[in-house]
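Let me begin by presenting the structure, written as structure tokens, before commenting on it.
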Number of protein chains: 2
Amino acid sequence: MSVTQVRKERERAEREALILDHAQRLLVRDGFQDLNLDELAAAVEYSKGTLYLHFESKEDLTLAIATRAARERADLFERASRFQGRSRERMRAIGFACCQFAIMHRDYFNVEMMLKSASFWEKASLERRRLHGVQAGRLFQTTNAIAVEAQAVGDLPREHRAVDVTLSLFAITMGSHIVAMQPDVQLLAGIEDPICVVRQNQDRVCDGWGWKPLLAEWDYAATDRRIRDEVFPEATWLKTP
Amino acid sequence: MSVTQVRKERERAEREALILDHAQRLLVRDGFQDLNLDELAAAVEYSKGTLYLHFESKEDLTLAIATRAARERADLFERASRFQGRSRERMRAIGFACCQFAIMHRDYFNVEMMLKSASFWEKASLERRRLHGVQAGRLFQTTNAIAVEAQAVGDLPREHRAVDVTLSLFAITMGSHIVAMQPDVQLLAGIEDPICVVRQNQDRVCDGWGWKPLLAEWDYAATDRRIRDEVFPEATWLKTP
DNA sequence: CTGTTTTTTGACCGTGCGTCAAAAAGAATT
DNA sequence: AATTCTTTTTGACGCACGGTCAAAAAACAG
């Protein structure tokens with residue numbers, strides 16, 4: 001590949017990032033339905049035709065936004081999984097990564113939810129679907145590896161499959177985000193901080209599977225401080241008691 | 001009100017139900033985005049103008065579908081809550097109602113998820129939003145009452161608020177439905193029956209809060225049989241061992 | 001049968017996604 | 001520097017669909 005081609009490719013990637021930045025901003029502001037591609041074209045100062053050189057449909061563009069966020073999330077998960085500690089502490093580090101991500105991208109789950117609709121999914125390009133699958137796979141595998149290890153060292157009962165545990169943690173995380181982000185639910189249930197709800201529920205699920213050490217048997221506040229100091233120094237949201 | 005007006009009102013309600021029936025079918029088939037109001041008008045054999053005598057926008061129509069389903073769900077919850085037994089058995093009956101509903105409306109959660117988008121919500125009429133709030137309130141209150149009672153009789157530790165427990169159960173239910181319904185997840189995690197995943201996760205969350213009697217301390221298969229026999233005789237999906 | 005009110009209709013409008021012929025920019029050649 | 005060929009970019013346009021409303025049809029009243 002010639003030098004020129006390398007430069008072209010880099011410029012193309014930069015333009016794609018620019019488009020994604022603006023598109024994400026508008027998507028968060030207006031939602032998918034009201035995301036206007038003419039406005040986006042004006043914002044990035046390129047024509048609509050140029051947008052379509054990068055993305056083959058509005059859905060494709062939206063999926064690209066979700067995939068970029070998913071990659072970032074998977075990166076945080078992998079950082080978290082390197083935390084040195086007992087298996088449940090490491091899983092807690094994953095939960096910590098979740099929070100860190102949720103704070104950086106308050107609205108990621110709104111975008112993620114669109115992907116669950118079949119009619120949306122099938123309008124995105126095959127290649128982008130594949131790329132998203134890769135990131136989703138990283139997220140799952142990183143988490144599941146900890147559950148598998150937990151069974152290996154005897155912290156987590158072997159009577160159930162590790163994937164079931166992992167899946168339940170994904171479910172409680174997604175579900176908690178969805179319900180705790182609803183303003184009416186926040187009022188009804190007196191929720192101050194949705195992030196706390198997510199973490200609390202993750203803890204309950206782990207306890208529910210009998211993942212040692214249980215909440216009552218360990219000082220997880222200390223674990224949290226270690227996670228922050230050793231893995232996520234940027235996590236200023238964790239209040240140290 | 002004259003006799004004629006009563007008849008008119010009944011006919012109007014019947015037509016609205018007809019529209020909702022067809023709209024629900026098309027919504028499930030095509031998703032919100034591809035739900036075509038011209039096609040719907042043709043299906044119900046009324047003009048598009050007539051549709052707009054009932055619903056002030058496509059979102060309004062969709063919300064009406066969701067609310068009708070939510071009412072049905074709340075009815076099942078209330079039936080379930082009348083089950084005679086210990087508090088956790090009664091909560092299990094609620095989980096049972098969830099399953100019964102999920103089987104009758106495989107795709108309810110897809111519709112429900114649309115409502116989480118702010119841009120969707122604000123396009124529906126005030127009155128319909130209110131009506132949906134009423135049904136959502138019934139669902140929550142019916143469930144929460146059991147958690148409150150569980151604390152009163154000492155089955156559920158008092159160290160946490162009952163609403164937090166209720167909320168976590170809603171979260172695990174919604175989250176499990178979403179993740180377990182994904183075809184790729186089903187393959188990745190080897191899921192045969194998504195319904196089982198939902199129930200299993202609900203059990204884990206209850207155990208996680210220390211809701212007595214715990215899974216290991218009670219014969220919940222027997223409870224399930226009682227629930228079916230006494231409350232949901234139509235639930236043929238429960239295989240009796 | 002005729003005039004009045006109510007109900008229903010479908011042609012029409014605006015919006016916004018996606019396309020593609022044409023213009024502009026860039027590279028190569030003379 | 002001029003010309004030709006190639007690549008890149010553009011924005012006017014086609015079209016599908018949600019929503020409107022004047023007019024037609026139906027129902028009703030006298």
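Quick note on naming: the chains in the structure tokens go A, B, ... in the order shown, residues restart at 1 in each chain, and ligands are numbered from 1 in order of appearance.
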
Using only C-alpha atoms (C1' of nucleotides), tabulate the residues of chain C lying at most 9 Å from any atom of chain A, each with its closest atom pair and that distance in Å to one decimal, by chain and increasing residue number, as a tab-separated table.
```
residue	atom	partner	partner_atom	distance
C:DG16	C1'	A:Asn36	CA	7.4
C:DC17	C1'	A:Leu37	CA	8.0
C:DG18	C1'	A:Ser57	CA	7.8
C:DT19	C1'	A:Gly49	CA	8.6
```

Using DSSP secondary structure from the backbone, list all alpha helix (DSSP H) positions within region 84-160 of chain A, as a ChimeraX atom specification.
/A:87-104,108-114,118-121,126-153

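From C1' of DT9 (chain D) back to C1' of DA21 (chain C), the distance works out to 12.5 Å.
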
Per-residue nearest contacts of chain A to chain D (12 Å; only C-alpha atoms (C1' of nucleotides)) as a tab-separated table:
```
residue	atom	partner	partner_atom	distance
A:Lys8	CA	D:DT8	C1'	11.4
A:Arg12	CA	D:DT8	C1'	11.7
A:Asp38	CA	D:DG11	C1'	10.7
A:Ala41	CA	D:DG11	C1'	11.2
A:Ala42	CA	D:DG11	C1'	11.9
A:Glu45	CA	D:DT10	C1'	11.7
A:Tyr46	CA	D:DT9	C1'	8.5
A:Ser47	CA	D:DT10	C1'	6.2
A:Lys48	CA	D:DG11	C1'	8.0
A:Gly49	CA	D:DT10	C1'	6.8
A:Thr50	CA	D:DT9	C1'	6.8
A:Leu51	CA	D:DT9	C1'	10.5
A:Tyr52	CA	D:DT9	C1'	11.3
A:Leu53	CA	D:DT9	C1'	10.0
```

For the selection just defined, write its residues with C-alpha atoms to a file, as a CSV table (one decimal), in the first residue's frame.
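The file below, part00.csv, is the result:
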```csv
chain,number,residue,atom,x,y,z
A,8,LYS,CA,-6.1,8.5,2.7
A,12,ARG,CA,-11.1,8.4,6.2
A,38,ASP,CA,-29.5,16.4,7.0
A,41,ALA,CA,-24.4,16.4,7.5
A,42,ALA,CA,-24.6,20.1,8.3
A,45,GLU,CA,-19.8,20.0,7.3
A,46,TYR,CA,-20.0,17.2,4.7
A,47,SER,CA,-22.8,16.4,2.3
A,48,LYS,CA,-25.3,13.6,3.0
A,49,GLY,CA,-23.9,11.7,0.1
A,50,THR,CA,-20.6,11.5,2.0
A,51,LEU,CA,-22.3,10.1,5.1
A,52,TYR,CA,-23.5,7.3,2.9
A,53,LEU,CA,-19.9,6.5,1.8
```

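Look at Glu234 (chain A): the protein and nucleic acid residues within 12 Å of it, using only C-alpha atoms (C1' of nucleotides) and passing over chain neighbours fewer than 3 places away, are Leu76, Phe96, Ala97, Cys99, Gln100, Phe101, Ile103, Met104, Ile227, Arg228, Asp229, Glu230, Val231, Trp237 and Leu238 of chain A.
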
Could you tell me which of A:Asp30, A:Asp75, A:Glu217, A:Asp60 comes closest to chain B if we count only C-alpha atoms?
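Of A:Asp30, A:Asp75, A:Glu217, A:Asp60, the one nearest chain B is A:Asp30, counting only C-alpha atoms.
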